[in-house]
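J.: Just one file: coords-v6.cif, with mmCIF, C-alpha atoms and all ligand atoms.
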```
data_model
#
loop_
_atom_site.label_atom_id
_atom_site.label_comp_id
_atom_site.auth_asym_id
_atom_site.auth_seq_id
_atom_site.Cartn_x
_atom_site.Cartn_y
_atom_site.Cartn_z
CA MET U 1 0.00 0.00 0.00
CA GLN U 2 1.42 3.38 -1.04
CA LEU U 3 0.33 6.08 1.40
CA ARG U 4 0.96 9.75 0.68
CA PRO U 5 2.14 11.96 3.54
CA PHE U 6 -0.84 13.05 5.65
CA ALA U 7 -0.95 16.79 4.81
CA LEU U 8 -2.83 17.90 7.92
CA GLU U 9 -0.76 15.87 10.36
CA ARG U 10 2.49 16.99 8.67
CA PHE U 11 1.29 20.61 9.03
CA PHE U 12 0.72 20.00 12.76
CA ALA U 13 4.06 18.22 13.06
CA ARG U 14 5.69 21.40 11.75
CA TYR U 15 3.84 23.93 13.90
CA GLU U 16 1.84 22.46 16.77
CA PHE U 17 4.54 22.42 19.42
CA SER U 18 6.45 25.51 18.32
CA VAL U 19 3.81 28.22 17.88
CA GLU U 20 2.33 30.20 20.73
CA HIS U 21 -1.36 29.87 19.86
CA VAL U 22 -2.89 26.97 18.02
CA LEU U 23 -6.17 28.48 16.88
CA CYS U 24 -7.17 25.57 14.66
CA ALA U 25 -7.16 22.63 17.10
CA SER U 26 -10.06 20.21 16.82
CA ASP U 27 -9.76 18.84 20.36
CA CYS U 28 -11.18 20.50 23.45
CA GLU U 29 -9.07 21.97 26.23
CA THR U 30 -7.01 19.11 27.59
CA ARG U 31 -7.27 17.67 31.11
CA SER U 32 -4.54 16.58 33.49
CA VAL U 33 -4.35 13.34 35.45
CA ARG U 34 -5.07 15.50 38.51
CA ASP U 35 -8.30 16.73 36.89
CA LEU U 36 -9.38 13.11 36.48
CA ALA U 37 -8.39 12.33 40.07
CA GLU U 38 -10.82 15.04 41.18
CA LEU U 39 -13.55 12.99 39.57
CA GLU U 40 -12.51 9.81 41.41
CA PRO U 41 -10.29 10.49 44.44
CA ASP U 42 -9.00 6.90 44.62
CA LEU U 43 -7.52 7.23 41.11
CA PRO U 44 -3.91 7.70 42.35
CA ASP U 45 -4.24 4.43 44.31
CA GLN U 46 -5.73 2.69 41.27
CA LEU U 47 -2.79 3.87 39.16
CA MET U 48 -0.20 2.80 41.73
CA ALA U 49 -1.73 -0.66 42.01
CA LEU U 50 -2.04 -1.12 38.24
CA ARG U 51 0.01 -3.98 36.81
CA LEU U 52 1.77 -2.96 33.62
CA GLY U 53 1.31 -6.13 31.63
CA TYR U 54 -0.49 -6.67 28.34
CA VAL U 55 -4.20 -5.96 28.52
CA ASP U 56 -7.09 -7.69 26.73
CA SER U 57 -6.46 -6.95 23.06
CA ARG U 58 -10.14 -5.97 22.60
CA GLY U 59 -9.76 -3.43 25.43
CA ALA U 60 -10.24 -4.06 29.16
CA PRO U 61 -13.71 -5.58 29.77
CA SER U 62 -14.66 -2.81 32.20
CA LEU U 63 -13.60 -0.14 29.66
CA ARG U 64 -15.63 -1.83 26.93
CA ALA U 65 -18.64 -2.01 29.27
CA THR U 66 -18.30 1.73 29.99
CA ILE U 67 -18.05 2.50 26.26
CA ALA U 68 -21.04 0.24 25.49
CA SER U 69 -23.13 2.28 27.94
CA ILE U 70 -22.76 5.32 25.64
CA TYR U 71 -25.00 3.52 23.13
CA SER U 72 -28.55 2.25 23.48
CA SER U 73 -28.20 -1.30 22.13
CA ILE U 74 -24.49 -2.20 22.17
CA GLU U 75 -22.92 -4.95 24.29
CA PRO U 76 -19.30 -4.81 25.55
CA GLU U 77 -18.34 -7.58 23.10
CA GLN U 78 -19.44 -5.29 20.24
CA VAL U 79 -16.84 -2.69 21.24
CA LEU U 80 -13.24 -2.93 20.05
CA VAL U 81 -10.69 -0.52 21.53
CA PHE U 82 -7.90 0.93 19.39
CA CYS U 83 -4.97 3.28 19.76
CA GLY U 84 -6.88 6.47 18.94
CA ALA U 85 -9.52 6.80 16.26
CA GLN U 86 -6.76 6.77 13.66
CA GLU U 87 -5.80 3.14 14.19
CA ALA U 88 -9.47 2.16 13.94
CA ILE U 89 -9.81 4.06 10.65
CA PHE U 90 -6.72 2.35 9.31
CA TRP U 91 -7.99 -1.14 10.06
CA PHE U 92 -11.60 -0.49 9.10
CA TYR U 93 -10.67 0.30 5.49
CA THR U 94 -8.01 -2.39 5.36
CA ALA U 95 -10.49 -5.01 6.58
CA LEU U 96 -13.24 -3.94 4.22
CA LEU U 97 -11.81 -2.89 0.90
CA GLU U 98 -10.22 -4.56 -2.07
CA SER U 99 -9.01 -3.07 -5.30
CA GLY U 100 -11.99 -2.04 -7.46
CA ASP U 101 -14.44 -1.66 -4.58
CA GLU U 102 -16.27 1.62 -4.24
CA VAL U 103 -16.77 3.76 -1.18
CA VAL U 104 -18.77 6.98 -0.81
CA VAL U 105 -16.95 9.43 1.45
CA HIS U 106 -18.12 12.72 2.95
CA ALA U 107 -15.85 15.46 1.56
CA PRO U 108 -13.89 17.54 2.32
CA CYS U 109 -12.82 15.40 5.25
CA TYR U 110 -10.15 14.17 7.62
CA GLU U 111 -7.59 12.84 5.20
CA SER U 112 -7.36 9.19 6.22
CA HIS U 113 -10.98 8.62 5.10
CA LEU U 114 -9.96 9.45 1.54
CA GLU U 115 -6.36 8.38 1.42
CA LEU U 116 -6.67 4.89 2.89
CA PRO U 117 -9.42 3.73 0.50
CA ARG U 118 -7.42 5.18 -2.41
CA ALA U 119 -4.21 3.50 -1.29
CA LEU U 120 -6.10 0.18 -1.10
CA GLY U 121 -7.13 0.58 -4.74
CA ALA U 122 -10.76 1.42 -4.06
CA ASN U 123 -12.67 4.03 -6.08
CA VAL U 124 -13.63 6.89 -3.80
CA ARG U 125 -16.84 8.69 -4.71
CA PRO U 126 -16.74 11.96 -2.73
CA TRP U 127 -20.04 13.19 -1.32
CA PHE U 128 -19.29 16.92 -1.20
CA GLY U 129 -20.83 19.28 1.30
CA ASP U 130 -22.26 22.34 -0.48
CA PRO U 131 -20.11 25.42 0.34
CA GLN U 132 -23.06 27.69 -0.50
CA ARG U 133 -25.13 26.00 2.23
CA ALA U 134 -22.64 25.77 5.10
CA TYR U 135 -21.29 22.51 3.63
CA ARG U 136 -24.61 20.71 3.83
CA LEU U 137 -24.68 17.17 2.46
CA GLU U 138 -27.47 16.97 -0.11
CA PRO U 139 -29.32 13.67 0.53
CA ALA U 140 -30.63 13.52 -3.06
CA GLN U 141 -27.06 13.24 -4.36
CA LEU U 142 -26.32 10.10 -2.41
CA SER U 143 -28.38 7.71 -4.53
CA GLY U 144 -26.39 8.87 -7.59
CA LEU U 145 -23.09 8.07 -5.88
CA VAL U 146 -23.76 4.47 -4.83
CA SER U 147 -23.55 1.38 -7.02
CA ALA U 148 -23.59 -2.39 -6.65
CA ARG U 149 -19.87 -2.16 -5.82
CA THR U 150 -20.32 0.26 -2.91
CA LYS U 151 -18.88 -1.29 0.23
CA ALA U 152 -19.45 1.63 2.57
CA ILE U 153 -20.98 5.07 2.96
CA VAL U 154 -18.77 7.18 5.19
CA VAL U 155 -19.97 10.25 7.04
CA ASN U 156 -18.31 12.42 9.69
CA THR U 157 -20.84 14.25 11.83
CA PRO U 158 -20.28 16.65 13.61
CA HIS U 159 -17.84 17.39 10.85
CA ASN U 160 -14.18 18.29 10.67
CA PRO U 161 -13.31 20.75 9.12
CA THR U 162 -16.60 22.54 8.39
CA GLY U 163 -18.51 22.18 11.67
CA TYR U 164 -21.51 20.83 9.75
CA ALA U 165 -23.89 18.61 11.71
CA MET U 166 -26.28 16.41 9.74
CA PRO U 167 -30.00 16.88 10.39
CA ALA U 168 -31.61 13.74 11.85
CA ASP U 169 -33.81 13.05 8.80
CA ASP U 170 -30.90 13.23 6.37
CA PHE U 171 -28.84 11.01 8.63
CA ALA U 172 -31.62 8.41 8.93
CA ALA U 173 -32.09 8.41 5.14
CA ALA U 174 -28.36 7.83 4.52
CA VAL U 175 -28.24 4.98 7.06
CA ALA U 176 -31.37 3.43 5.50
CA LEU U 177 -29.86 3.56 2.01
CA ALA U 178 -26.66 1.86 3.20
CA THR U 179 -28.69 -0.78 5.06
CA ASP U 180 -30.86 -1.51 2.00
CA MET U 181 -27.70 -2.02 -0.04
CA ARG U 182 -26.08 -4.14 2.70
CA ALA U 183 -23.21 -1.66 2.67
CA HIS U 184 -21.56 -0.49 5.86
CA PHE U 185 -22.45 2.91 7.21
CA PHE U 186 -19.19 4.08 8.79
CA CYS U 187 -19.85 7.10 10.93
CA ASP U 188 -16.92 9.06 12.30
CA GLU U 189 -18.52 10.21 15.55
CA VAL U 190 -15.38 11.52 17.22
CA PHE U 191 -17.11 14.86 17.94
CA ARG U 192 -20.30 13.27 19.28
CA GLU U 193 -21.54 14.78 22.56
CA SER U 194 -20.10 18.16 21.60
CA GLU U 195 -23.41 19.34 20.11
CA HIS U 196 -23.98 22.90 21.31
CA ASP U 197 -27.59 21.97 21.96
CA PRO U 198 -27.76 18.35 23.19
CA ALA U 199 -31.27 18.05 21.69
CA THR U 200 -29.65 17.96 18.23
CA ARG U 201 -27.52 14.89 19.04
CA LEU U 202 -27.93 12.17 16.42
CA PRO U 203 -28.39 8.51 17.27
CA ALA U 204 -25.19 6.51 16.87
CA ALA U 205 -24.80 4.57 13.62
CA CYS U 206 -24.12 1.32 15.51
CA ASP U 207 -27.54 1.57 17.18
CA LEU U 208 -29.39 2.19 13.93
CA SER U 209 -28.30 -0.58 11.60
CA PRO U 210 -26.71 -4.05 11.63
CA TYR U 211 -24.21 -2.54 9.17
CA GLY U 212 -23.68 0.60 11.24
CA VAL U 213 -20.14 1.21 12.48
CA SER U 214 -19.56 3.97 15.03
CA LEU U 215 -16.11 5.45 15.50
CA GLY U 216 -15.49 7.07 18.89
CA VAL U 217 -12.53 8.46 20.79
CA VAL U 218 -11.70 10.28 24.03
CA SER U 219 -9.55 12.85 22.16
CA LYS U 220 -12.01 15.51 21.03
CA THR U 221 -15.11 16.14 23.13
CA TYR U 222 -13.42 15.07 26.36
CA GLY U 223 -10.00 16.67 25.68
CA LEU U 224 -7.92 13.53 26.25
CA ALA U 225 -6.05 13.01 22.97
CA GLY U 226 -2.86 12.02 24.80
CA LEU U 227 -4.51 8.85 26.08
CA ARG U 228 -4.82 7.55 22.50
CA VAL U 229 -7.97 5.57 23.29
CA GLY U 230 -10.47 5.17 20.48
CA TRP U 231 -12.96 2.47 19.56
CA ILE U 232 -15.29 0.95 17.04
CA ALA U 233 -18.77 -0.16 18.07
CA THR U 234 -20.65 -2.42 15.68
CA LYS U 235 -23.12 -5.30 15.64
CA ASP U 236 -21.43 -6.80 12.58
CA ARG U 237 -19.68 -9.80 14.10
CA ALA U 238 -17.67 -10.72 11.01
CA LEU U 239 -16.28 -7.22 10.69
CA TYR U 240 -15.55 -7.12 14.42
CA GLN U 241 -13.69 -10.42 14.24
CA ARG U 242 -11.60 -9.32 11.27
CA LEU U 243 -10.69 -6.01 12.93
CA ALA U 244 -9.67 -7.81 16.12
CA GLU U 245 -7.39 -10.13 14.09
CA LEU U 246 -5.80 -7.28 12.14
CA LYS U 247 -5.10 -5.18 15.20
CA ASP U 248 -2.55 -7.80 16.27
CA TYR U 249 -0.32 -6.41 13.51
CA THR U 250 -0.17 -2.88 14.90
CA THR U 251 -0.68 -2.32 18.62
CA ILE U 252 -1.84 -5.82 19.74
CA CYS U 253 -3.47 -4.19 22.75
CA GLY U 254 -3.80 -0.79 24.34
CA SER U 255 -1.79 0.84 27.12
CA ALA U 256 -2.95 -0.19 30.60
CA PRO U 257 -2.63 3.30 32.22
CA SER U 258 -4.41 4.92 29.27
CA GLU U 259 -7.27 2.45 29.42
CA LEU U 260 -7.67 3.01 33.15
CA LEU U 261 -7.70 6.81 32.75
CA ALA U 262 -10.05 6.65 29.76
CA GLU U 263 -12.47 4.51 31.72
CA VAL U 264 -12.53 6.98 34.60
CA ALA U 265 -13.07 9.87 32.17
CA LEU U 266 -15.86 8.08 30.34
CA ARG U 267 -17.66 7.29 33.59
CA HIS U 268 -17.85 11.08 34.04
CA ARG U 269 -18.13 12.00 30.40
CA GLU U 270 -21.34 13.98 30.80
CA ARG U 271 -19.64 16.36 33.20
CA LEU U 272 -16.51 16.66 31.03
CA ALA U 273 -18.60 17.26 27.91
CA ASN U 274 -20.83 19.81 29.66
CA GLU U 275 -17.83 21.82 30.84
CA ASN U 276 -16.26 21.74 27.40
CA VAL U 277 -19.48 22.68 25.62
CA ALA U 278 -19.89 25.64 28.00
CA LEU U 279 -16.41 26.82 26.94
CA ILE U 280 -17.24 26.23 23.27
CA ARG U 281 -20.42 28.29 23.55
CA SER U 282 -18.70 31.21 25.21
CA ASN U 283 -15.88 31.05 22.63
CA LEU U 284 -18.48 31.07 19.85
CA ASP U 285 -20.07 34.20 21.30
CA GLN U 286 -16.64 35.85 21.08
CA LEU U 287 -16.22 34.67 17.52
CA ASP U 288 -19.65 36.04 16.59
CA ARG U 289 -18.54 39.46 17.85
CA PHE U 290 -15.12 39.23 16.19
CA PHE U 291 -16.48 38.24 12.80
CA ALA U 292 -19.26 40.85 12.98
CA VAL U 293 -16.51 43.50 13.19
CA HIS U 294 -14.60 41.87 10.32
CA SER U 295 -17.50 40.88 8.11
CA ALA U 296 -15.90 42.46 5.05
CA THR U 297 -12.90 40.12 5.37
CA PHE U 298 -14.42 36.85 6.56
CA ASP U 299 -17.49 34.71 5.88
CA TRP U 300 -18.58 33.24 9.21
CA ASN U 301 -21.29 30.66 9.80
CA ARG U 302 -21.69 29.72 13.44
CA PRO U 303 -21.76 25.92 13.61
CA SER U 304 -24.18 24.02 15.85
CA ALA U 305 -21.83 21.24 16.96
CA GLY U 306 -18.19 20.37 17.45
CA THR U 307 -15.07 22.43 17.93
CA VAL U 308 -14.16 23.66 14.44
CA ALA U 309 -15.56 25.81 11.65
CA PHE U 310 -14.55 26.64 8.12
CA VAL U 311 -14.26 30.39 7.64
CA GLY U 312 -14.18 31.99 4.18
CA TYR U 313 -11.37 34.52 3.68
CA ARG U 314 -11.99 37.43 1.29
CA GLY U 315 -8.72 39.33 1.77
CA GLY U 316 -6.58 37.40 -0.76
CA ASP U 317 -4.97 34.00 -0.92
CA VAL U 318 -5.73 31.95 2.20
CA ASP U 319 -2.42 30.05 2.20
CA SER U 320 -0.44 33.31 2.28
CA PHE U 321 -2.76 34.72 4.94
CA CYS U 322 -2.24 31.71 7.26
CA HIS U 323 1.48 31.67 6.54
CA ASP U 324 1.96 35.40 7.28
CA LEU U 325 -0.20 35.17 10.38
CA VAL U 326 1.79 32.37 11.96
CA GLN U 327 5.15 33.89 11.04
CA GLN U 328 4.29 37.36 12.36
CA THR U 329 2.12 36.56 15.38
CA GLY U 330 2.58 32.90 16.36
CA VAL U 331 -1.15 32.23 15.79
CA LEU U 332 -1.87 29.10 13.80
CA LEU U 333 -4.90 28.80 11.51
CA MET U 334 -5.24 25.89 9.11
CA PRO U 335 -5.70 26.66 5.40
CA GLY U 336 -8.53 24.72 3.76
CA THR U 337 -6.18 23.73 0.94
CA LEU U 338 -4.88 21.05 3.33
CA PHE U 339 -8.30 19.44 2.85
CA ASP U 340 -8.13 19.98 -0.93
CA ASP U 341 -10.91 22.51 -0.54
CA PRO U 342 -10.84 25.19 -3.29
CA ASN U 343 -13.02 27.78 -1.52
CA ASN U 344 -10.33 29.94 0.14
CA CYS U 345 -11.33 28.91 3.67
CA PHE U 346 -9.40 28.24 6.86
CA ARG U 347 -10.26 26.02 9.80
CA ILE U 348 -10.63 27.72 13.15
CA GLY U 349 -10.89 25.81 16.44
CA PHE U 350 -12.85 27.07 19.44
CA GLY U 351 -12.61 24.37 22.08
CA ARG U 352 -9.66 25.84 23.95
CA ARG U 353 -9.08 28.51 26.58
CA ASN U 354 -6.54 30.42 24.47
CA LEU U 355 -9.16 31.89 22.14
CA SER U 356 -9.21 35.48 23.52
CA ALA U 357 -5.43 35.83 23.48
CA ALA U 358 -5.20 34.42 19.96
CA LEU U 359 -8.01 36.67 18.69
CA ASP U 360 -6.27 39.74 20.13
CA ARG U 361 -3.21 38.93 18.06
CA LEU U 362 -5.29 38.22 14.97
CA GLN U 363 -7.02 41.57 15.47
CA SER U 364 -3.74 43.54 15.61
CA PHE U 365 -2.43 41.61 12.60
CA LEU U 366 -5.53 42.62 10.62
CA ARG U 367 -5.19 46.26 11.74
CA LYS U 368 -1.56 46.39 10.57
CA ARG U 369 -2.58 45.06 7.19
C1 LIG U 401 -12.75 13.49 12.00
C2 LIG U 401 -11.58 12.85 12.68
N1 LIG U 401 -11.53 11.52 12.76
C3 LIG U 401 -10.50 10.91 13.36
C4 LIG U 401 -9.46 11.62 13.91
C5 LIG U 401 -8.31 10.89 14.57
O1 LIG U 401 -8.47 10.99 15.96
P1 LIG U 401 -7.29 10.57 16.95
O2 LIG U 401 -6.24 11.61 16.81
O3 LIG U 401 -7.89 10.65 18.29
O4 LIG U 401 -6.83 9.23 16.59
C6 LIG U 401 -9.47 13.00 13.84
C7 LIG U 401 -8.35 13.80 14.40
O5 LIG U 401 -8.23 14.97 14.18
C8 LIG U 401 -10.57 13.64 13.22
O6 LIG U 401 -10.65 14.98 13.14
#
```
As structure tokens, please, write out the structure in this file.
Ligand SMILES: Cc1ncc(COP(=O)(O)O)c(C=O)c1O
T.:
Amino acid sequence: MQLRPFALERFFARYEFSVEHVLCASDCETRSVRDLAELEPDLPDQLMALRLGYVDSRGAPSLRATIASIYSSIEPEQVLVFCGAQEAIFWFYTALLESGDEVVVHAPCYESHLELPRALGANVRPWFGDPQRAYRLEPAQLSGLVSARTKAIVVNTPHNPTGYAMPADDFAAAVALATDMRAHFFCDEVFRESEHDPATRLPAACDLSPYGVSLGVVSKTYGLAGLRVGWIATKDRALYQRLAELKDYTTICGSAPSELLAEVALRHRERLANENVALIRSNLDQLDRFFAVHSATFDWNRPSAGTVAFVGYRGGDVDSFCHDLVQQTGVLLMPGTLFDDPNNCFRIGFGRRNLSAALDRLQSFLRKR
């Protein structure tokens, strides 16, 4: 398999740990081990007593039971834990696809959803969000994209990079189409539970269809990317079995301390998510004010879920804008060209506490221009 360098991750590798303000992160404000110990005061004792051997390659049974409780109809043996969402994405496509297969993929999108199917020789049929309608996925287009060779329909909602969240009817229709075709519906739900109004939360794909595959992770909504704990939940036993076999070739099993900490966090995930969504909402209010002042330069659509939005830039070339900004101010925005998007947008992230300080610098940069 010939994989191209992952443009977004290479961009982060260059800047993430050297700039002062990452203003394009997709994860929420991170938590410390101490923060988690405040949720369960015996956590330090649990950590000290933990034996550092291999763990169950499917994920510790108690962790899988905690993850299963997120869903309405999933058993612990239908949950498979991976090293982050990324490892799960890697093995999902590898397990499913052969050369010549087709897969419909939400676009623009997180690169591995496009690049892995391509590298496996599959034909990727992008299902593009409409830039004129806040990157809405048009349900009527989907039936024209599928064929007898379609192995999976892939959707990421809430969406990175646009902040788009699928309406429930559109989501149900897409799941139903995949189910009728006996194709998998692979839903990247890594931003689930970060809906700004919890009433808009969609059901999980794994609860809706025997072919539904939900991808989850502790990285984004709960701010725990350093644990590298992700998972797939599915009722498809054959797929589950194949994924479990393949995982032996990468990580074999997870890290015992990470699994313990992830389990504690997920037991309290409602509280963690509520605190993060409160921060997101107050950051969005600031962004509303900022973009109202700069409406001649930027096109801003306030998203209803997640931690990122795609902002249109009207002041010239977006790559040069992001480049000059980071060089002159240490504020990092992510040009949409990294997602192969041609609409002169950048991704902004609003799940972190640094937003005010970063916006102040952006403001003075704009004034100087
Ligand atoms: C939509 C989406 N899926 C999957 C991932 C991978 O998540 P992780 O870094 O937790 O493995 C990311 C990371 O940015 C993402 O944005």
J.: Write out as number ranges by chain each polymer residue (protein, DNA or RNA) that has an atom no more than 6 Å from ligand LIG 401 (chain U), with only C-alpha atoms and all ligand atoms counted.
T.: U: 84-86, 110, 160, 188, 190, 217, 219, 225
J.: Given all atoms listed in the file as the basis, pick out the residue of U:Arg367, U:Arg149, U:Lys220, U:Arg302 nearest to Arg352 of chain U.
T.: U:Lys220
J.: So, counting only C-alpha atoms, which residue among U:Val175, U:Ala25, U:Gln286, U:Ala199 is closest to Phe11 of chain U?
T.: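 Under the stated criterion, the closest residue is U:Ala25.
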J.: As a CSV table (one decimal) with C-alpha atoms, in the coordinates of the input, please: the residues near His159 of chain U (cut-off 10 Å, all atoms listed in the file, same-chain neighbours under 5 positions excluded).
T.:
```
chain,number,residue,atom,x,y,z
U,106,HIS,CA,-18.1,12.7,3.0
U,107,ALA,CA,-15.8,15.5,1.6
U,108,PRO,CA,-13.9,17.5,2.3
U,109,CYS,CA,-12.8,15.4,5.2
U,110,TYR,CA,-10.2,14.2,7.6
U,135,TYR,CA,-21.3,22.5,3.6
U,164,TYR,CA,-21.5,20.8,9.8
U,165,ALA,CA,-23.9,18.6,11.7
U,166,MET,CA,-26.3,16.4,9.7
U,188,ASP,CA,-16.9,9.1,12.3
U,189,GLU,CA,-18.5,10.2,15.6
U,190,VAL,CA,-15.4,11.5,17.2
U,191,PHE,CA,-17.1,14.9,17.9
U,192,ARG,CA,-20.3,13.3,19.3
U,303,PRO,CA,-21.8,25.9,13.6
U,305,ALA,CA,-21.8,21.2,17.0
U,306,GLY,CA,-18.2,20.4,17.4
U,307,THR,CA,-15.1,22.4,17.9
U,308,VAL,CA,-14.2,23.7,14.4
U,309,ALA,CA,-15.6,25.8,11.6
```
J.: Distance atom CA of Glu245 of chain U-atom CA of Gly230 of chain U, one decimal place?
T.: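 One can read the atom CA of Glu245 of chain U to atom CA of Gly230 of chain U distance as 16.9 Å.
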J.: When you count only C-alpha atoms, which of these residues is closest to Thr329 of chain U: U:Ser26, U:Gln363, U:Thr297, U:Ser356?
T.: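 Distance minimum relative to Thr329 of chain U lands on U:Gln363.
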J.: Between U:Trp300, U:Phe17, U:Tyr222, U:Phe321, which one has atoms that come closest to Leu266 of chain U, using all atoms listed in the file?
T.: U:Tyr222
J.: Distance atom CA of Asp341 of chain U-atom CA of Lys151 of chain U, one decimal place?
T.: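 So the answer is 25.1 Å.
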J.: When distances are computed from all atoms listed in the file, which of U:Ala205, U:Ile280, U:Ala273, U:Ala60 shows the smallest separation from Ser72 of chain U?
T.: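 Smallest distance to Ser72 of chain U is found for U:Ala205.
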J.: Build an axis-aligned box that encloses every atom of segment 268-284 of chain U listed in the file, pad it by 6 Å on each side, and report its centre and edge lengths in Å to one decimal, as JSON.
T.:
```
{"center_x": -18.6, "center_y": 21.1, "center_z": 26.9, "size_x": 17.5, "size_y": 32.1, "size_z": 26.2}
```
J.: Applying 12 Å and only C-alpha atoms, which residues near Arg269 of chain U remain after dropping the ones on its own chain fewer than 5 positions away? List them as a list in words.
T.: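 Close residues of Arg269 of chain U: Leu36, Leu39, Thr66, Ile67, Ser69, Ile70, Arg192, Glu193, Ser194, Val217, Val218, Ser219, Lys220, Thr221, Tyr222, Gly223, Leu224, Leu261, Ala262, Glu263, Val264, Asn274, Glu275, Asn276 and Val277 of chain U.
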J.: Counting only C-alpha atoms, which of U:Ser304, U:Ala278, U:Ala174, U:Phe290 gets nearest to Thr200 of chain U?
T.: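 Among the listed residues, the smallest separation from Thr200 of chain U belongs to U:Ser304.
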J.: Tell me which protein, DNA and RNA residues are within 7 Å of Arg58 of chain U, counting all atoms listed in the file, leaving out same-chain ones fewer than 4 positions away, and put them as a VMD selection string.
T.: chain U and resid 80 to 81 244 253
J.: Take the point (2.0, 30.9, 22.0) as written in the file and pick out every residue within 9 Å of it, counting only C-alpha atoms; give the list as a PyMOL selection string.
T.: chain U and resi 18-22+329-331+354+358
J.: Quote the spacing between atom CA of Ala172 of chain U and atom CA of Pro139 of chain U in Å to one decimal place.
T.: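 For atom CA of Ala172 of chain U relative to atom CA of Pro139 of chain U, the distance reads 10.2 Å.
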J.: Hey, could you patch up segment 21-37 of chain U with N, CA and C atoms and hand it over as a short mmCIF file (atom, residue, chain, number, x, y, z; two decimals), keeping the file's coordinate frame?
T.:
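Result went into rebuild33.cif, see below:
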```cif
data_model
loop_
_atom_site.label_atom_id
_atom_site.label_comp_id
_atom_site.auth_asym_id
_atom_site.auth_seq_id
_atom_site.Cartn_x
_atom_site.Cartn_y
_atom_site.Cartn_z
N HIS U 21 0.09 30.09 19.76
CA HIS U 21 -1.36 29.87 19.86
C HIS U 21 -1.87 29.02 18.71
N VAL U 22 -2.24 27.80 19.03
CA VAL U 22 -2.89 26.97 18.02
C VAL U 22 -4.37 27.36 18.03
N LEU U 23 -4.78 28.02 16.95
CA LEU U 23 -6.17 28.48 16.88
C LEU U 23 -6.96 27.63 15.88
N CYS U 24 -6.47 26.43 15.62
CA CYS U 24 -7.17 25.57 14.66
C CYS U 24 -7.28 24.15 15.21
N ALA U 25 -7.11 23.98 16.53
CA ALA U 25 -7.16 22.63 17.10
C ALA U 25 -8.59 22.10 17.04
N SER U 26 -8.71 20.80 16.86
CA SER U 26 -10.06 20.21 16.82
C SER U 26 -10.40 19.52 18.14
N ASP U 27 -9.44 19.46 19.06
CA ASP U 27 -9.76 18.84 20.36
C ASP U 27 -10.08 19.93 21.38
N CYS U 28 -10.84 19.55 22.39
CA CYS U 28 -11.18 20.50 23.45
C CYS U 28 -9.99 20.68 24.38
N GLU U 29 -10.10 21.71 25.22
CA GLU U 29 -9.07 21.97 26.23
C GLU U 29 -8.70 20.66 26.93
N THR U 30 -7.40 20.42 27.06
CA THR U 30 -7.01 19.11 27.59
C THR U 30 -7.11 19.08 29.12
N ARG U 31 -7.17 17.88 29.65
CA ARG U 31 -7.27 17.67 31.11
C ARG U 31 -5.99 17.03 31.60
N SER U 32 -5.71 17.23 32.89
CA SER U 32 -4.54 16.58 33.49
C SER U 32 -5.00 15.33 34.23
N VAL U 33 -4.04 14.51 34.62
CA VAL U 33 -4.35 13.34 35.45
C VAL U 33 -5.00 13.82 36.76
N ARG U 34 -4.49 14.96 37.26
CA ARG U 34 -5.07 15.50 38.51
C ARG U 34 -6.55 15.85 38.33
N ASP U 35 -6.88 16.42 37.15
CA ASP U 35 -8.30 16.73 36.89
C ASP U 35 -9.15 15.46 36.99
N LEU U 36 -8.61 14.37 36.44
CA LEU U 36 -9.38 13.11 36.48
C LEU U 36 -9.46 12.58 37.91
N ALA U 37 -8.38 12.80 38.68
CA ALA U 37 -8.39 12.33 40.07
C ALA U 37 -9.42 13.09 40.89
#
```
